[in-house]
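Listing of final.txt, compact mmCIF, C-alpha atoms and all ligand atoms
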# COMPACT_ATOMS: atom_id res chain seq x y z
CA MET F 426 -70.76 38.62 -37.07
CA PHE F 427 -68.69 35.90 -38.65
CA LYS F 428 -66.95 33.58 -36.19
CA PRO F 429 -64.35 31.25 -37.75
CA ARG F 430 -64.30 29.00 -34.68
CA LEU F 431 -68.04 28.58 -34.81
CA ALA F 432 -67.76 27.85 -38.51
CA LEU F 433 -65.20 25.12 -37.81
CA ALA F 434 -67.45 23.66 -35.15
CA LEU F 435 -70.36 23.61 -37.58
CA LEU F 436 -68.20 21.85 -40.14
CA SER F 437 -68.21 18.85 -37.84
CA LEU F 438 -71.92 18.44 -38.45
CA LEU F 439 -71.54 18.07 -42.19
CA PRO F 440 -71.01 14.32 -42.44
CA ALA F 441 -74.09 13.68 -40.31
CA PHE F 442 -76.32 16.37 -41.81
CA ALA F 443 -75.01 16.47 -45.32
CA LEU F 444 -77.43 19.05 -46.61
CA ALA F 445 -77.33 21.44 -43.67
CA GLN F 446 -75.69 24.72 -44.56
CA PRO F 447 -74.09 26.71 -41.77
CA ALA F 448 -75.59 30.19 -41.68
CA GLY F 449 -73.68 32.81 -43.60
CA TRP F 450 -71.35 30.45 -45.45
CA ASN F 451 -72.91 31.35 -48.80
CA ASP F 452 -72.85 35.10 -48.25
CA PRO F 453 -71.01 36.90 -51.04
CA PHE F 454 -67.40 37.96 -50.51
CA PRO F 455 -65.66 40.57 -52.68
CA PRO F 456 -63.93 38.70 -55.51
CA HIS F 457 -60.29 39.67 -55.86
CA LYS F 458 -56.97 38.82 -57.42
CA VAL F 459 -54.79 36.67 -55.16
CA MET F 460 -51.78 36.99 -57.43
CA ASP F 461 -51.01 36.76 -61.14
CA ASN F 462 -53.82 34.85 -62.87
CA LEU F 463 -55.34 33.41 -59.64
CA TYR F 464 -58.56 34.98 -58.32
CA TYR F 465 -60.80 34.37 -55.31
CA VAL F 466 -64.40 33.86 -56.46
CA GLY F 467 -65.77 32.02 -53.43
CA THR F 468 -68.28 32.94 -50.76
CA SER F 469 -67.60 34.42 -47.31
CA GLU F 470 -66.39 31.02 -46.05
CA LEU F 471 -66.34 28.51 -48.91
CA ALA F 472 -63.38 29.19 -51.16
CA SER F 473 -63.44 28.90 -54.94
CA TYR F 474 -60.62 30.02 -57.19
CA LEU F 475 -60.52 31.02 -60.83
CA LEU F 476 -57.28 30.48 -62.73
CA THR F 477 -57.41 32.38 -66.01
CA THR F 478 -55.52 31.43 -69.17
CA ASP F 479 -55.48 32.37 -72.87
CA GLU F 480 -57.44 29.21 -73.67
CA GLY F 481 -60.18 29.50 -71.07
CA ASN F 482 -60.32 29.30 -67.31
CA ILE F 483 -60.11 26.73 -64.55
CA LEU F 484 -62.48 26.83 -61.56
CA LEU F 485 -61.41 25.13 -58.35
CA SER F 486 -64.38 24.04 -56.19
CA SER F 487 -68.09 24.59 -56.82
CA ASN F 488 -69.13 24.41 -53.14
CA TYR F 489 -72.84 23.94 -52.36
CA GLU F 490 -75.26 23.84 -55.26
CA SER F 491 -76.68 27.05 -53.81
CA SER F 492 -73.18 28.60 -53.88
CA VAL F 493 -72.95 28.44 -57.67
CA PRO F 494 -74.92 31.67 -58.38
CA VAL F 495 -72.70 33.47 -55.84
CA ILE F 496 -69.58 32.14 -57.60
CA GLN F 497 -70.96 33.04 -61.03
CA ALA F 498 -71.67 36.60 -59.88
CA ALA F 499 -68.13 36.85 -58.48
CA VAL F 500 -66.59 35.65 -61.76
CA GLU F 501 -68.67 38.18 -63.72
CA GLU F 502 -67.89 41.00 -61.27
CA LEU F 503 -64.21 40.45 -62.12
CA GLY F 504 -65.06 40.83 -65.80
CA PHE F 505 -64.77 37.19 -66.82
CA ASP F 506 -67.37 35.08 -68.61
CA PHE F 507 -68.61 32.13 -66.56
CA LYS F 508 -68.89 30.11 -69.78
CA ASP F 509 -65.12 30.46 -70.31
CA ILE F 510 -64.62 27.92 -67.51
CA LYS F 511 -63.27 24.88 -69.38
CA ILE F 512 -62.20 22.81 -66.38
CA LEU F 513 -63.72 22.41 -62.93
CA ILE F 514 -61.40 20.85 -60.38
CA SER F 515 -63.74 19.32 -57.83
CA GLY F 516 -63.10 20.03 -54.16
CA HIS F 517 -62.57 17.37 -51.51
CA GLY F 518 -65.37 14.87 -50.89
CA HIS F 519 -67.64 16.86 -48.60
CA PRO F 520 -70.90 18.52 -49.71
CA ASP F 521 -69.77 22.07 -49.03
CA HIS F 522 -67.06 21.73 -51.71
CA VAL F 523 -68.54 19.52 -54.46
CA GLU F 524 -72.33 19.75 -54.40
CA GLY F 525 -72.39 22.43 -57.13
CA ASP F 526 -70.31 20.42 -59.64
CA ALA F 527 -73.29 19.35 -61.76
CA LEU F 528 -74.70 22.86 -61.99
CA VAL F 529 -71.31 24.33 -62.95
CA LYS F 530 -70.95 21.72 -65.68
CA GLU F 531 -74.45 22.47 -66.99
CA LEU F 532 -73.75 26.21 -67.09
CA THR F 533 -70.26 26.00 -68.62
CA GLY F 534 -69.72 22.61 -70.24
CA ALA F 535 -66.51 22.28 -68.21
CA ASP F 536 -64.72 18.97 -67.80
CA VAL F 537 -64.90 17.94 -64.15
CA ILE F 538 -61.73 16.59 -62.57
CA VAL F 539 -62.05 14.55 -59.39
CA SER F 540 -59.56 12.99 -57.01
CA ARG F 541 -59.72 9.23 -57.59
CA LEU F 542 -59.90 8.41 -53.88
CA ASP F 543 -62.77 10.84 -53.28
CA ALA F 544 -64.70 9.76 -56.39
CA PRO F 545 -66.86 7.20 -54.53
CA TYR F 546 -68.17 10.08 -52.42
CA ASN F 547 -68.96 12.22 -55.48
CA GLU F 548 -70.72 9.23 -57.04
CA SER F 549 -72.90 8.84 -53.93
CA VAL F 550 -74.16 12.44 -53.87
CA ARG F 551 -77.64 13.52 -54.88
CA THR F 552 -77.90 17.28 -54.70
CA PRO F 553 -80.88 19.20 -53.24
CA SER F 554 -82.19 19.60 -56.81
CA GLY F 555 -81.77 15.87 -57.44
CA ARG F 556 -78.68 16.01 -59.63
CA SER F 557 -75.89 13.45 -59.52
CA LEU F 558 -72.33 14.71 -59.82
CA PRO F 559 -70.32 14.47 -63.05
CA ILE F 560 -66.81 13.03 -63.31
CA ASP F 561 -64.81 13.44 -66.54
CA ARG F 562 -61.30 12.69 -65.33
CA LEU F 563 -59.80 11.08 -62.24
CA VAL F 564 -56.49 12.30 -60.83
CA ASP F 565 -53.94 10.93 -58.38
CA ASP F 566 -51.03 12.31 -56.38
CA GLY F 567 -48.55 14.11 -58.63
CA ASP F 568 -50.89 14.38 -61.62
CA THR F 569 -51.12 17.71 -63.40
CA VAL F 570 -53.93 19.73 -64.96
CA THR F 571 -52.87 22.00 -67.81
CA LEU F 572 -54.76 24.63 -69.79
CA GLY F 573 -53.42 27.48 -71.89
CA GLY F 574 -49.90 27.29 -70.47
CA ALA F 575 -51.04 27.11 -66.82
CA THR F 576 -50.25 23.93 -64.90
CA LEU F 577 -51.53 22.82 -61.52
CA THR F 578 -49.93 19.87 -59.71
CA ALA F 579 -51.89 17.62 -57.34
CA HIS F 580 -50.59 16.81 -53.84
CA LEU F 581 -52.48 14.04 -52.07
CA LEU F 582 -52.95 14.95 -48.38
CA PRO F 583 -55.30 12.24 -47.12
CA GLY F 584 -57.11 12.25 -43.79
CA HIS F 585 -59.75 14.97 -43.86
CA THR F 586 -61.01 12.89 -46.78
CA LYS F 587 -59.22 9.92 -48.33
CA GLY F 588 -58.57 11.79 -51.54
CA CYS F 589 -57.96 15.32 -50.28
CA LEU F 590 -55.89 17.08 -52.96
CA ALA F 591 -53.95 20.32 -52.60
CA TRP F 592 -52.84 22.02 -55.82
CA SER F 593 -49.58 23.85 -56.36
CA LEU F 594 -48.77 26.32 -59.10
CA PRO F 595 -46.20 29.00 -59.84
CA LEU F 596 -47.47 32.56 -59.39
CA GLU F 597 -45.59 35.64 -60.55
CA GLU F 598 -45.62 39.18 -59.25
CA ASP F 599 -43.17 42.04 -59.80
CA GLY F 600 -40.69 39.77 -61.55
CA LYS F 601 -40.57 37.18 -58.76
CA THR F 602 -42.08 33.71 -58.99
CA TYR F 603 -43.73 32.32 -55.86
CA TYR F 604 -44.73 28.78 -54.90
CA GLY F 605 -48.53 28.96 -54.76
CA LEU F 606 -50.54 26.40 -52.82
CA ILE F 607 -54.30 25.95 -52.91
CA GLU F 608 -54.59 23.78 -49.84
CA CYS F 609 -57.24 21.08 -49.39
CA SER F 610 -58.13 20.75 -45.68
CA LEU F 611 -55.99 19.75 -42.73
CA ASN F 612 -58.95 20.01 -40.36
CA GLY F 613 -58.79 16.96 -38.10
CA GLN F 614 -60.75 18.32 -35.19
CA PHE F 615 -64.03 16.49 -35.71
CA LEU F 616 -63.32 13.29 -37.61
CA GLN F 617 -63.80 9.79 -36.20
CA TYR F 618 -60.49 8.13 -35.37
CA VAL F 619 -61.51 5.17 -33.19
CA ASN F 620 -63.30 2.24 -34.85
CA ASN F 621 -63.74 4.04 -38.15
CA ALA F 622 -64.75 1.05 -40.28
CA ASP F 623 -64.96 3.16 -43.42
CA TYR F 624 -61.44 4.57 -42.99
CA PRO F 625 -59.44 2.36 -40.58
CA ASN F 626 -56.07 4.06 -41.16
CA ILE F 627 -57.40 7.61 -40.88
CA ALA F 628 -55.24 8.58 -37.88
CA ALA F 629 -52.02 7.33 -39.53
CA ASP F 630 -52.96 9.18 -42.72
CA MET F 631 -53.55 12.39 -40.78
CA ARG F 632 -50.14 12.15 -39.08
CA ALA F 633 -48.35 11.52 -42.38
CA THR F 634 -50.29 14.34 -44.03
CA TYR F 635 -49.13 16.95 -41.50
CA GLN F 636 -45.53 15.85 -42.14
CA LYS F 637 -46.00 16.01 -45.92
CA ALA F 638 -47.79 19.36 -45.69
CA ARG F 639 -44.94 20.81 -43.67
CA GLU F 640 -42.48 19.93 -46.44
CA ILE F 641 -44.44 21.77 -49.14
CA PRO F 642 -42.58 25.08 -49.62
CA ALA F 643 -45.77 27.13 -49.90
CA GLU F 644 -45.28 30.89 -50.20
CA VAL F 645 -48.66 32.06 -51.47
CA PHE F 646 -51.08 30.12 -49.26
CA VAL F 647 -54.84 29.84 -49.72
CA SER F 648 -57.22 27.06 -48.74
CA SER F 649 -60.68 25.52 -49.15
CA HIS F 650 -62.14 27.61 -46.32
CA ALA F 651 -61.58 31.34 -46.06
CA SER F 652 -61.09 31.06 -42.30
CA PHE F 653 -58.25 28.52 -42.77
CA TYR F 654 -55.95 31.21 -44.17
CA GLY F 655 -57.33 34.31 -42.48
CA LEU F 656 -58.99 35.76 -45.57
CA ASN F 657 -60.82 38.55 -43.75
CA ASP F 658 -57.58 40.00 -42.37
CA LYS F 659 -55.63 39.43 -45.57
CA TYR F 660 -58.35 40.98 -47.70
CA ALA F 661 -58.35 44.07 -45.45
CA LYS F 662 -54.57 44.30 -45.96
CA LEU F 663 -55.05 43.88 -49.70
CA GLN F 664 -57.51 46.78 -49.70
CA ALA F 665 -55.06 48.98 -47.80
CA ARG F 666 -52.06 47.88 -49.89
CA GLN F 667 -49.90 50.68 -51.27
CA PRO F 668 -47.27 50.34 -54.03
CA GLY F 669 -44.27 48.55 -52.54
CA ASP F 670 -46.29 46.87 -49.79
CA PRO F 671 -46.03 43.07 -49.69
CA ASN F 672 -48.83 40.95 -51.12
CA PRO F 673 -50.70 39.73 -47.99
CA PHE F 674 -51.20 36.29 -49.50
CA VAL F 675 -47.43 35.71 -49.45
CA ASP F 676 -47.37 34.05 -46.03
CA PRO F 677 -44.97 31.08 -45.74
CA ALA F 678 -44.77 31.44 -41.94
CA GLY F 679 -48.56 31.60 -41.69
CA TYR F 680 -48.77 28.39 -43.69
CA GLN F 681 -46.39 26.55 -41.38
CA ALA F 682 -48.21 27.90 -38.32
CA HIS F 683 -51.50 26.72 -39.81
CA VAL F 684 -50.12 23.19 -40.28
CA ASP F 685 -48.86 23.19 -36.67
CA GLU F 686 -52.14 24.49 -35.26
CA PHE F 687 -54.29 21.99 -37.10
CA GLU F 688 -51.96 19.13 -36.18
CA ARG F 689 -52.32 20.06 -32.49
CA THR F 690 -56.11 20.09 -32.70
CA PHE F 691 -56.02 16.72 -34.47
CA GLU F 692 -53.75 15.19 -31.81
CA ALA F 693 -56.02 16.54 -29.05
CA ALA F 694 -59.13 15.13 -30.74
CA LEU F 695 -57.44 11.75 -31.24
CA ALA F 696 -56.30 11.61 -27.61
CA ARG F 697 -59.80 12.52 -26.43
CA GLN F 698 -61.42 9.82 -28.54
CA GLU F 699 -58.88 7.19 -27.43
CA ALA F 700 -59.46 8.09 -23.79
CA GLU F 701 -63.22 7.85 -24.23
CA ALA F 702 -62.87 4.47 -25.95
CA ALA F 703 -60.67 3.18 -23.10
CA ASN F 704 -63.13 4.39 -20.43
CA PRO F 705 -66.57 4.17 -21.99
ZN ZN F 801 -64.28 19.04 -45.58
Turn this file's structure into structure tokens for me.
Ligand SMILES: [Zn+2]
Amino acid sequence: MFKPRLALALLSLLPAFALAQPAGWNDPFPPHKVMDNLYYVGTSELASYLLTTDEGNILLSSNYESSVPVIQAAVEELGFDFKDIKILISGHGHPDHVEGDALVKELTGADVIVSRLDAPYNESVRTPSGRSLPIDRLVDDGDTVTLGGATLTAHLLPGHTKGCLAWSLPLEEDGKTYYGLIECSLNGQFLQYVNNADYPNIAADMRATYQKAREIPAEVFVSSHASFYGLNDKYAKLQARQPGDPNPFVDPAGYQAHVDEFERTFEAALARQEAEAANP
């Protein structure tokens, strides 16, 4: 049985054991339309999104190298051609979101777009198959990615990684346009806050990021991990949805509650680490 809490706990091990894959994270998940031209093509825990346009498609996040065949199968199950992916927007600088970038580029020829502040991480990666990760374009806060009339806008939310980027886009359903947000990660439960030589201002960045995240008027809310936005429950609601029922991914209150919850776990982790440092 899948346990989101256990999955979050296992995520803490990733920086130390970069190639360890938590059990079940690569299991297939039914691909589905989120809304409009945005589709979920990720695994049971590691989210990937396909944004389709008239001029080819954009993939957000390749996940582990071993996730790529699962993503490809999901894209094809929806009736799209994997080779129509023209742009890959790399995930944040942790192996479970970027390790497959090289394989996706080999299979599709896509341009790979990377957050400038996470690029040193991508450059440091050697995948299990020995590949290094490609970078075709670097992006910063507020930059946009456009293809075939679709535009995604980058929102820098640093802390979980220095260059963590969320992406916003308009999504339309039944004549109404919603503010869509593909969140990065606000998970601050397991990071190092005290004496972090590699990222001295991490705690201040995390605090500012929760404030900034709260001000994003997200209506359709998805994230880099399925468990972060309750995909299992929302997918069940999607399956049961009747004409006139709301789209379960429209969840502005759930987004705000998610920001609050993750801020609390961050503050608790920070307080714990500060107390331990004061009384070693
Ligand atoms: Zn991460």
Would you name the residues within 9 Å of ligand ZN 801 (chain F), counting only C-alpha atoms and all ligand atoms, and put them as a list in words?
Leu436, Ser437, Leu439, Pro440, Gly516, His517, Gly518, His519, Pro520, Asp521, His522, His585, Thr586, Cys589, Cys609, Ser610, Leu611, Asn612, Ser649 and His650 of chain F
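Coordinates place CA of Ala535 in chain F at a distance of 23.0 Å from CA of Pro453 in chain F.
Using only C-alpha atoms, the nearest neighbour of Leu577 in chain F within the list F:Gly605, F:Asp509, F:Asp599, F:Ala498 is F:Gly605.
Those residues that approach Glu598 in chain F to within 9 Å, counting all atoms listed in the file, are Met460, Asp461, Leu596, Gly600, Lys601, Thr602, Tyr603 and Asn672 of chain F; same-chain residues fewer than 2 positions away are not listed.
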If we count only C-alpha atoms and set the cut-off at 12 Å, which residues sit around Arg697 in chain F, ignoring sequence neighbours fewer than 4 positions away in its own chain? Please answer as number ranges by chain.
F: 614-619, 690-693, 701-705
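The shell of residues at most 9 Å from Glu644 in chain F, with only C-alpha atoms counted and near chain neighbours (fewer than 5 positions) removed, consists of Tyr603, Tyr604, Gly605, Leu606, Phe674, Val675, Asp676, Pro677, Ala678 and Tyr680 of chain F.
The shortest atom-to-atom distance to Ala638 in chain F, with all atoms listed in the file taken into account, belongs to F:Glu608 out of F:Glu608, F:Glu524, F:Asp561, F:Asp479.
Atom pair CA of Asn451 in chain F / CA of Leu532 in chain F has a distance of 19.0 Å (rounded to one decimal).
Using only C-alpha atoms, the smallest distance between any of F:Asp452, F:Asp685, F:Asp536, F:Glu502 and Arg562 in chain F comes from F:Asp536.
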Using all atoms listed in the file and a cutoff of 12 Å, can you tell me which residues are near (-58.9, 30.1, -67.3) in the file's coordinates, and write them out as a PyMOL selection string?
chain F and resi 462-464+474-485+500+505-514+535+570-577
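Excluding range 551-554 of chain F itself and any same-chain residue fewer than 4 positions from it, the protein and nucleic acid residues within 8 Å of it, counting all atoms listed in the file, are F:Leu444, F:Glu490, F:Glu524, F:Gly525, F:Leu558.
In this model, the gap between CA of Ala472 in chain F and CA of Val529 in chain F comes to 15.0 Å.
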